[in-house]
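Novice: Structure supplied as query.txt; contents: compact mmCIF, C-alpha atoms.
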# COMPACT_ATOMS: atom_id res chain seq x y z
CA MET A 1 -10.47 -22.56 -14.23
CA LYS A 2 -6.74 -22.10 -14.50
CA THR A 3 -5.57 -19.29 -16.70
CA ASP A 4 -2.20 -18.67 -18.24
CA ILE A 5 -1.28 -15.40 -19.92
CA ILE A 6 1.81 -15.56 -22.10
CA VAL A 7 3.64 -12.44 -23.26
CA ASP A 8 5.93 -12.90 -26.27
CA TYR A 9 8.87 -10.63 -25.48
CA GLU A 10 10.16 -10.79 -29.04
CA LYS A 11 6.99 -9.16 -30.31
CA CYS A 12 6.43 -6.87 -27.31
CA GLY A 13 8.43 -3.66 -27.56
CA ASP A 14 9.39 -1.35 -24.72
CA PRO A 15 6.41 -1.44 -22.32
CA ARG A 16 7.28 2.06 -21.12
CA ASP A 17 6.27 3.48 -24.52
CA CYS A 18 3.13 1.41 -24.96
CA LYS A 19 1.68 0.25 -21.63
CA LYS A 20 -1.70 -0.36 -23.29
CA CYS A 21 -2.22 -3.74 -21.61
CA MET A 22 -1.31 -2.35 -18.21
CA GLN A 23 -3.79 0.46 -18.48
CA ILE A 24 -6.67 -1.47 -20.01
CA CYS A 25 -6.68 -4.45 -17.63
CA PRO A 26 -9.83 -4.05 -15.48
CA SER A 27 -8.22 -6.06 -12.70
CA ALA A 28 -4.79 -4.31 -12.96
CA LEU A 29 -2.92 -7.60 -13.25
CA PHE A 30 -0.07 -6.54 -15.53
CA MET A 31 3.20 -5.58 -13.90
CA MET A 32 6.19 -3.90 -15.45
CA TYR A 33 9.58 -5.00 -14.18
CA SER A 34 13.18 -4.98 -15.24
CA PRO A 35 15.12 -8.24 -15.46
CA ASP A 36 18.23 -6.22 -14.64
CA TYR A 37 18.69 -6.70 -10.91
CA GLU A 38 21.80 -4.60 -10.44
CA SER A 39 21.07 -1.27 -12.13
CA ASN A 40 19.31 1.53 -10.26
CA ASP A 41 18.10 2.99 -13.55
CA PRO A 42 17.41 -0.04 -15.77
CA ASP A 43 16.82 0.35 -19.48
CA GLU A 44 15.26 -3.00 -20.25
CA TRP A 45 11.65 -3.48 -19.16
CA ARG A 46 9.12 -6.27 -19.52
CA VAL A 47 5.49 -6.81 -18.68
CA ASP A 48 4.32 -9.90 -16.91
CA VAL A 49 1.17 -10.97 -15.14
CA ALA A 50 0.88 -11.60 -11.46
CA PHE A 51 -2.28 -12.81 -9.70
CA LEU A 52 -3.44 -15.07 -12.54
CA ASP A 53 -6.14 -16.38 -10.23
CA LEU A 54 -7.83 -12.97 -10.44
CA CYS A 55 -7.95 -12.94 -14.25
CA THR A 56 -11.51 -12.89 -15.60
CA ARG A 57 -10.49 -13.78 -19.18
CA CYS A 58 -12.12 -10.68 -20.61
CA LEU A 59 -9.40 -10.72 -23.35
CA ASP A 60 -9.13 -6.92 -23.35
CA CYS A 61 -5.32 -7.20 -23.24
CA VAL A 62 -5.22 -9.55 -26.23
CA LYS A 63 -7.39 -7.17 -28.25
CA VAL A 64 -5.51 -4.01 -27.29
CA CYS A 65 -1.95 -5.25 -27.91
CA PRO A 66 -0.67 -3.56 -31.10
CA ASN A 67 1.93 -6.31 -31.66
CA GLN A 68 -0.23 -9.37 -30.94
CA ALA A 69 2.24 -10.33 -28.24
CA ILE A 70 -0.28 -11.54 -25.63
CA ARG A 71 -1.75 -15.02 -25.67
CA ILE A 72 -4.18 -16.59 -23.20
CA LYS A 73 -4.30 -20.30 -22.52
CA MET B 74 -7.91 -11.94 31.71
CA LEU B 75 -5.37 -9.24 30.98
CA VAL B 76 -5.95 -7.49 27.72
CA ILE B 77 -3.40 -4.97 26.50
CA ARG B 78 -5.64 -2.28 25.13
CA VAL B 79 -3.19 -0.66 22.77
CA CYS B 80 -1.86 -1.91 19.50
CA GLU B 81 1.23 -4.08 19.73
CA TRP B 82 3.46 -1.57 17.93
CA CYS B 83 2.22 1.35 19.98
CA TYR B 84 3.15 -0.63 23.06
CA LYS B 85 6.63 -1.45 21.74
CA HIS B 86 7.52 1.65 19.73
CA GLY B 87 5.03 4.31 20.76
CA ALA B 88 6.47 5.62 24.05
CA GLY B 89 2.92 5.95 25.37
CA LYS B 90 1.54 7.36 22.12
CA LYS B 91 0.56 5.88 18.81
CA TRP B 92 3.69 4.36 17.27
CA TYR B 93 3.74 6.72 14.33
CA LEU B 94 3.51 9.76 16.59
CA ASN B 95 6.68 8.90 18.46
CA SER B 96 9.41 11.20 17.13
CA ARG B 97 12.06 8.58 17.89
CA ASN B 98 10.85 6.52 14.93
CA TYR B 99 11.84 9.30 12.53
CA ILE B 100 15.33 10.27 13.64
CA GLN B 101 18.65 9.55 11.96
CA GLU B 102 19.88 7.40 14.88
CA THR B 103 16.96 5.01 14.46
CA ALA B 104 17.61 4.88 10.71
CA GLU B 105 21.20 3.88 11.34
CA GLU B 106 20.24 1.42 14.06
CA VAL B 107 18.02 -0.55 11.68
CA GLY B 108 20.21 -0.02 8.59
CA ALA B 109 17.40 1.85 6.84
CA HIS B 110 19.55 3.36 4.06
CA GLU B 111 20.81 0.05 2.69
CA TYR B 112 17.46 -1.65 3.24
CA ILE B 113 15.50 1.04 1.44
CA PHE B 114 17.95 1.35 -1.44
CA GLU B 115 17.88 -2.40 -2.06
CA LEU B 116 14.10 -2.53 -1.85
CA TRP B 117 13.39 0.47 -4.06
CA LYS B 118 16.07 -0.28 -6.62
CA ASN B 119 14.43 -3.58 -7.48
CA PHE B 120 10.94 -2.75 -6.32
CA GLU B 121 9.10 -4.38 -9.22
CA LYS B 122 11.22 -7.51 -9.33
CA VAL B 123 11.19 -7.97 -5.57
CA TYR B 124 7.41 -7.77 -5.60
CA LEU B 125 6.92 -10.10 -8.55
CA GLN B 126 9.38 -12.63 -7.20
CA LYS B 127 7.54 -12.66 -3.93
CA ILE B 128 4.25 -13.33 -5.70
CA TYR B 129 5.75 -15.97 -8.00
CA GLY B 130 7.54 -17.46 -5.03
CA ILE B 131 4.13 -18.15 -3.54
CA SER B 132 2.71 -19.37 -6.84
CA ALA B 133 3.21 -18.48 -10.50
CA ARG B 134 -0.51 -19.13 -10.99
CA GLY B 135 -1.51 -16.56 -8.38
CA PRO B 136 -1.34 -16.90 -4.59
CA GLY B 137 -5.03 -17.81 -4.43
CA TYR B 138 -4.33 -21.34 -5.70
CA LYS B 139 -1.63 -21.98 -3.12
CA PHE B 140 -3.58 -20.53 -0.22
CA SER B 141 -6.60 -22.66 -1.02
CA TYR B 142 -4.66 -25.89 -0.37
CA PRO B 143 -6.01 -27.54 2.75
CA LEU B 144 -3.76 -26.96 5.80
CA VAL B 145 -0.57 -26.34 3.80
CA GLY B 146 -2.09 -23.17 2.32
CA LYS B 147 -2.82 -21.82 5.78
CA PHE B 148 0.69 -22.57 6.95
CA ILE B 149 2.33 -20.87 3.95
CA LYS B 150 0.16 -17.81 4.43
CA ARG B 151 1.07 -17.56 8.10
CA TYR B 152 4.75 -17.93 7.22
CA ILE B 153 4.65 -15.15 4.63
CA ASN B 154 2.68 -12.92 6.98
CA SER B 155 5.42 -13.29 9.57
CA TRP B 156 7.87 -11.54 7.19
CA PHE B 157 6.04 -8.22 7.18
CA THR B 158 6.11 -7.76 10.93
CA LYS B 159 9.54 -9.26 11.50
CA GLU B 160 11.51 -7.20 14.03
CA LYS B 161 14.72 -9.16 14.36
CA PRO B 162 17.57 -8.79 13.66
CA LEU B 163 17.43 -5.01 14.05
CA LYS B 164 19.90 -4.61 11.21
CA GLY B 165 20.07 -6.93 8.22
CA ARG B 166 16.49 -7.93 7.59
CA ASN B 167 15.89 -9.11 4.04
CA PRO B 168 14.45 -6.33 1.83
CA ARG B 169 13.73 -8.84 -0.93
CA ARG B 170 11.12 -10.41 1.33
CA ALA B 171 9.92 -7.00 2.58
CA GLU B 172 10.82 -8.13 6.09
CA GLY B 173 9.72 -5.49 8.56
CA HIS B 174 8.18 -3.33 5.83
CA PRO B 175 4.44 -3.17 6.43
CA GLY B 176 2.24 -0.12 6.19
CA GLN B 177 -0.70 1.09 8.19
CA VAL B 178 -3.74 3.13 7.26
CA VAL B 179 -3.90 6.54 8.94
CA PRO B 180 -6.67 9.12 8.93
CA LEU B 181 -5.92 12.61 7.59
CA GLU B 182 -5.52 14.20 11.03
CA ASP B 183 -2.84 11.73 12.07
CA GLY B 184 -1.18 12.05 8.67
CA LYS B 185 -0.76 15.76 9.31
CA LYS B 186 0.77 15.08 12.72
CA ILE B 187 3.21 12.65 11.09
CA LEU B 188 4.36 15.39 8.73
CA GLU B 189 5.20 17.59 11.71
CA LEU B 190 7.65 14.93 12.90
CA ALA B 191 9.26 13.88 9.62
CA GLU B 192 12.23 15.64 8.05
CA PRO B 193 13.02 16.18 5.20
CA ILE B 194 9.80 15.56 3.25
CA LEU B 195 10.19 14.75 -0.42
CA LYS B 196 7.53 14.12 -3.04
CA VAL B 197 8.31 10.97 -5.02
CA ASN B 198 6.73 8.97 -7.84
CA CYS B 199 4.60 6.11 -6.60
CA ALA B 200 6.50 2.84 -7.10
CA CYS B 201 3.30 0.78 -7.22
CA ARG B 202 1.52 2.78 -9.89
CA HIS B 203 4.63 2.80 -12.03
CA MET B 204 4.72 -0.97 -11.77
CA THR B 205 1.04 -1.75 -12.35
CA ARG B 206 -0.06 1.01 -14.73
CA GLY B 207 3.17 2.48 -16.05
CA ILE B 208 2.22 5.93 -14.72
CA LYS B 209 4.56 8.33 -13.01
CA ASP B 210 2.35 9.78 -10.32
CA ALA B 211 4.02 11.88 -7.64
CA CYS B 212 1.70 11.10 -4.76
CA CYS B 213 3.94 9.60 -2.10
CA LEU B 214 5.89 11.51 0.52
CA ALA B 215 9.31 10.13 1.46
CA PHE B 216 11.07 10.93 4.73
CA GLY B 217 14.61 10.77 6.10
CA ALA B 218 16.52 7.78 4.78
CA LEU B 219 14.21 7.23 1.82
CA ALA B 220 14.38 10.92 0.90
CA GLU B 221 18.18 10.64 0.93
CA MET B 222 18.11 7.58 -1.34
CA VAL B 223 15.60 8.79 -3.93
CA PRO B 224 18.05 11.05 -5.85
CA LYS B 225 19.98 7.86 -6.66
CA LEU B 226 16.87 6.21 -8.11
CA PRO B 227 15.93 8.21 -11.23
CA ARG B 228 12.57 6.59 -11.95
CA TYR B 229 11.09 7.83 -8.66
CA ILE B 230 12.18 11.46 -9.05
CA PRO B 231 9.11 13.52 -9.93
CA GLU B 232 9.05 16.23 -12.62
CA SER B 233 9.03 18.86 -9.89
CA GLY B 234 12.48 17.69 -8.78
CA VAL B 235 13.88 16.72 -5.40
CA GLU B 236 13.25 19.95 -3.55
CA PRO B 237 12.03 19.17 0.02
CA LEU B 238 8.49 20.28 0.86
CA HIS B 239 7.61 22.67 3.65
CA ILE B 240 5.36 21.15 6.34
CA ASP B 241 2.38 23.30 5.28
CA GLU B 242 2.80 22.31 1.63
CA ALA B 243 3.00 18.64 2.58
CA GLN B 244 -0.08 18.88 4.81
CA ASP B 245 -2.07 20.61 2.06
CA PHE B 246 -0.89 17.95 -0.34
CA ILE B 247 -2.13 14.98 1.71
CA GLU B 248 -5.40 16.81 2.30
CA GLU B 249 -5.78 17.16 -1.46
CA MET B 250 -5.00 13.43 -1.85
CA ASN B 251 -7.55 12.58 0.82
CA HIS B 252 -10.22 14.69 -0.90
CA SER B 253 -9.57 12.97 -4.21
CA GLY B 254 -10.31 9.66 -2.50
CA ARG B 255 -6.88 8.24 -1.77
CA VAL B 256 -6.12 6.43 1.44
CA ASN B 257 -3.29 7.89 3.53
CA THR B 258 -0.91 5.18 4.72
CA VAL B 259 2.31 5.27 6.76
CA TRP B 260 5.21 2.89 6.03
CA PHE B 261 7.89 1.25 8.11
CA GLY B 262 11.24 0.87 6.46
CA PRO B 263 12.10 -1.39 8.37
CA VAL B 264 10.32 -1.59 11.78
CA PRO B 265 10.45 0.71 13.80
CA TYR B 266 11.86 3.33 11.43
CA ILE B 267 9.22 5.30 9.52
CA ALA B 268 10.07 6.05 5.90
CA ALA B 269 7.03 7.27 3.98
CA LEU B 270 3.48 8.49 3.89
CA CYS B 271 1.67 7.27 0.77
CA SER B 272 -1.65 7.93 -0.89
CA CYS B 273 -2.89 4.47 -1.78
CA GLU B 274 -5.64 3.14 -3.98
CA TYR B 275 -6.95 -0.33 -4.63
CA PRO B 276 -6.00 -2.12 -6.93
CA GLU B 277 -2.88 -0.24 -8.07
CA CYS B 278 -1.26 -0.23 -4.61
CA ALA B 279 0.81 -3.39 -4.31
CA ALA B 280 0.16 -3.81 -0.60
CA THR B 281 -3.55 -2.99 -0.63
CA ARG B 282 -3.94 -5.53 -3.40
CA ILE B 283 -2.39 -8.45 -1.55
CA ARG B 284 -4.16 -7.50 1.66
CA MET B 285 -7.61 -7.23 0.10
CA ASP B 286 -7.37 -10.17 -2.28
CA TYR B 287 -5.23 -12.63 -0.33
CA GLY B 288 -5.28 -11.45 3.28
CA LEU B 289 -1.52 -10.82 3.42
CA ASN B 290 -0.63 -8.31 6.11
CA ALA B 291 1.49 -5.96 4.01
CA LEU B 292 -1.00 -3.25 4.93
CA LEU B 293 -2.52 -3.11 8.39
CA LYS B 294 -5.78 -1.61 9.51
CA GLY B 295 -5.62 1.80 11.16
CA GLU B 296 -5.89 2.77 14.81
CA TYR B 297 -9.47 3.95 14.32
CA VAL B 298 -12.81 2.81 13.01
CA ALA B 299 -15.60 4.98 11.66
CA LYS B 300 -18.87 5.50 13.52
CA VAL B 301 -21.96 7.26 12.20
CA ASP B 302 -24.02 9.57 14.36
CA PHE B 303 -27.49 8.77 13.02
CA SER B 304 -29.00 11.95 14.47
CA LYS B 305 -26.58 14.20 12.57
CA CYS B 306 -26.68 12.21 9.31
CA ASP B 307 -29.23 13.45 6.77
CA GLY B 308 -28.89 10.55 4.34
CA CYS B 309 -27.15 12.49 1.54
CA GLN B 310 -25.05 9.43 0.52
CA THR B 311 -21.85 11.45 -0.12
CA CYS B 312 -19.81 8.95 1.92
CA VAL B 313 -20.99 5.92 -0.06
CA SER B 314 -18.56 6.24 -2.95
CA ARG B 315 -15.57 6.87 -0.67
CA CYS B 316 -14.96 3.47 0.92
CA GLN B 317 -12.32 1.37 -0.87
CA PHE B 318 -12.57 -1.50 1.57
CA GLY B 319 -16.21 -2.49 1.10
CA ALA B 320 -17.04 -1.54 4.68
CA LEU B 321 -19.62 1.14 4.01
CA THR B 322 -22.96 0.55 2.33
CA PHE B 323 -26.12 2.61 2.29
CA ALA B 324 -29.18 1.09 3.87
CA ASP B 325 -32.34 2.24 2.15
CA SER B 326 -34.64 1.16 4.97
CA THR B 327 -33.02 3.39 7.57
CA ASN B 328 -31.84 6.04 5.05
CA ARG B 329 -28.45 5.93 6.81
CA PRO B 330 -25.07 4.40 5.91
CA PHE B 331 -24.11 1.12 7.49
CA ILE B 332 -20.46 0.68 8.47
CA ASP B 333 -19.16 -2.83 8.98
CA VAL B 334 -16.52 -2.16 11.65
CA TRP B 335 -14.92 -5.55 11.04
CA LYS B 336 -14.09 -4.48 7.50
CA CYS B 337 -13.33 -0.83 8.33
CA TYR B 338 -9.66 0.14 7.88
CA GLY B 339 -10.05 3.47 9.64
CA CYS B 340 -8.87 5.63 6.74
CA GLY B 341 -11.49 8.28 7.51
CA LEU B 342 -12.32 8.99 3.86
CA CYS B 343 -16.03 8.75 4.69
CA ALA B 344 -15.60 11.12 7.63
CA THR B 345 -13.72 13.79 5.67
CA SER B 346 -16.36 13.76 2.93
CA CYS B 347 -19.40 14.07 5.21
CA PRO B 348 -20.96 17.54 4.85
CA GLN B 349 -22.76 17.15 8.20
CA GLY B 350 -19.72 15.94 10.12
CA ALA B 351 -21.80 12.95 11.17
CA ILE B 352 -19.00 10.36 10.93
CA GLN B 353 -16.51 10.20 13.80
CA MET B 354 -13.29 8.23 13.93
CA VAL B 355 -13.19 6.34 17.23
CA ASP B 356 -10.26 4.41 18.65
CA ARG B 357 -10.22 0.82 17.49
CA THR B 358 -9.15 -0.23 20.95
CA SER B 359 -12.34 1.19 22.46
CA TYR B 360 -14.06 -1.90 21.02
CA PRO B 361 -12.91 -4.91 23.06
CA THR B 362 -13.50 -7.26 20.12
CA LEU B 363 -11.53 -5.19 17.61
CA VAL B 364 -8.37 -4.95 19.69
CA GLU B 365 -6.80 -7.80 17.80
CA GLU B 366 -8.25 -6.92 14.41
CA TRP B 367 -5.44 -5.29 12.46
I'd like the structure from this file rewritten - as structure tokens, please.
Specialist:
Amino acid sequence: MKTDIIVDYEKCGDPRDCKKCMQICPSALFMMYSPDYESNDPDEWRVDVAFLDLCTRCLDCVKVCPNQAIRIK
Amino acid sequence: MLVIRVCEWCYKHGAGKKWYLNSRNYIQETAEEVGAHEYIFELWKNFEKVYLQKIYGISARGPGYKFSYPLVGKFIKRYINSWFTKEKPLKGRNPRRAEGHPGQVVPLEDGKKILELAEPILKVNCACRHMTRGIKDACCLAFGALAEMVPKLPRYIPESGVEPLHIDEAQDFIEEMNHSGRVNTVWFGPVPYIAALCSCEYPECAATRIRMDYGLNALLKGEYVAKVDFSKCDGCQTCVSRCQFGALTFADSTNRPFIDVWKCYGCGLCATSCPQGAIQMVDRTSYPTLVEEW
């Protein structure tokens, strides 16, 4: 079964303050990265999911997100 | 048939010893020879993005889908694996592909010997745990070129600051890490320069994850494997919870642990936890069939 996890960056705030999805994921699939390639101390951060093939669809991340920013397809 | 009974790196970079015990791999000249400062700065500055791009480059749906393609999957995997151990050119390997930047599992004793060779030793925040869990956990020890670069990378500076550790402090620290169940690993940055000694855990560690789940050689098995002395073992099961690699199980019928040497990474966590001292770390190369199992 192919899984897609979509994070709505307009709803998601600064992941450094929240990080609820990153810490609840039983498979540790969420990754925090900065789209700013040049800075050595970036200010803008996003969460994204790597290793979608390891996702078990437990939906813990969808439930825990305070901004309803995570969607699973 | 001629079999070289040492690991490939020990043969090339070890000067007759294990590669990570050769002091030449720690000195400033080697760092400059391989361009370690630029390489490490580029890699650590964009650590998260470099890692994610590499994963997405394989497949946005997770590498497992790509690798399961018949034939093509195998070829792609072999190609990506060739990056980690790439040794040429000496200077100018691509940090965005982690070329020449693999790690290897080391047991606590060897970790302590490494700390006698490295200078300066700096405690830094783990880049992997910051990426996967958003935690700032100062559990990695940076050496030489990496230690010089860390002050320029604010998110890796721990609360305790950038004061170098004394050898004894560093040795006590990795012992503490080992006792709390973390695997000591040594890191090339890039081959043959040695840049760090980390305390890794599955699944947060980026390299352990891709090694365990996808068989990518970002982390290599150690120079040892564990062996149980059944006459000393009293069946207390302390070691059972220590193995992160699924190599150690407890067999009820014999009342002794069973270690699958093919899966053993030689971290020695089971050995350091054993109250009877019944688990020994033996050289991997003393098993003819494990010589090529890294």
Novice: Which residue gives the smallest distance to A:Lys2 among B:Ala133, B:Cys337, B:Ile187, B:Ile247, with only C-alpha atoms counted?
Specialist: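 Among the listed residues, the smallest separation from A:Lys2 belongs to B:Ala133.
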Novice: Within 10 Å of chain A, which residues belong to chain B? Use only C-alpha atoms and report them as JSON, numbers by chain.
Specialist: {"B": [114, 115, 117, 118, 119, 120, 121, 122, 123, 124, 125, 126, 128, 129, 132, 133, 134, 135, 136, 137, 138, 201, 202, 203, 204, 205, 206, 207, 208, 225, 226, 227, 228, 229, 275, 276, 277, 278, 282, 283, 286, 287]}
Novice: Mind listing whatever residues come within 12 Å of the point (-7.8, 1.8, 7.8)? Use only C-alpha atoms, file coordinates, and give them as a PyMOL selection string.
Specialist: chain B and resi 176-181+183+255-259+273+281+284-285+292-299+316-320+334-343+354-357+366-367
Novice: Give as an NGL selection string every residue, naming chains and numbers as the document does, that has an atom within 12 Å of (1.9, -16.8, 6.6), counting only C-alpha atoms.
Specialist: :B and (131 or 136 or 139-140 or 144-159 or 287-291)
Novice: Which neighbours of B:Gly262 fall inside 8 Å, counting all atoms listed in the file, when residues of the same chain fewer than 6 positions from it are skipped, and could you give them as a PyMOL selection string?
Specialist: chain B and resi 109+112-113+173-175+268
Novice: Name the residues in contact with B:Asp307 at a cut-off of 9 Å, using only C-alpha atoms, excluding same-chain residues fewer than 2 positions from it; report them as a PyMOL selection string.
Specialist: chain B and resi 303-305+309-310+328-329+349+351
Novice: Return the single residue from B:Met222, B:Tyr99, B:Glu106, B:Ser141 that is closest to B:Arg166, with distances computed using only C-alpha atoms.
Specialist: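 Between B:Met222, B:Tyr99, B:Glu106, B:Ser141, the residue approaching B:Arg166 most closely is B:Glu106.
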Novice: Provide the atom CA of B:Val223 to atom CA of B:Trp82 distance in Å, to one decimal place.
Specialist: 27.1 Å
Novice: Atom CA of B:Pro263 and atom CA of B:Glu172 are how many Å apart?
Specialist: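 Going from atom CA of B:Pro263 over to atom CA of B:Glu172, I get 7.2 Å.
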Novice: May I ask which of the residues A:Thr56, A:Cys61, A:Ala69, A:Asp14 is the closest one to A:Asp43, counting only C-alpha atoms?
Specialist: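 Among A:Thr56, A:Cys61, A:Ala69, A:Asp14, it is A:Asp14 that comes nearest to A:Asp43.
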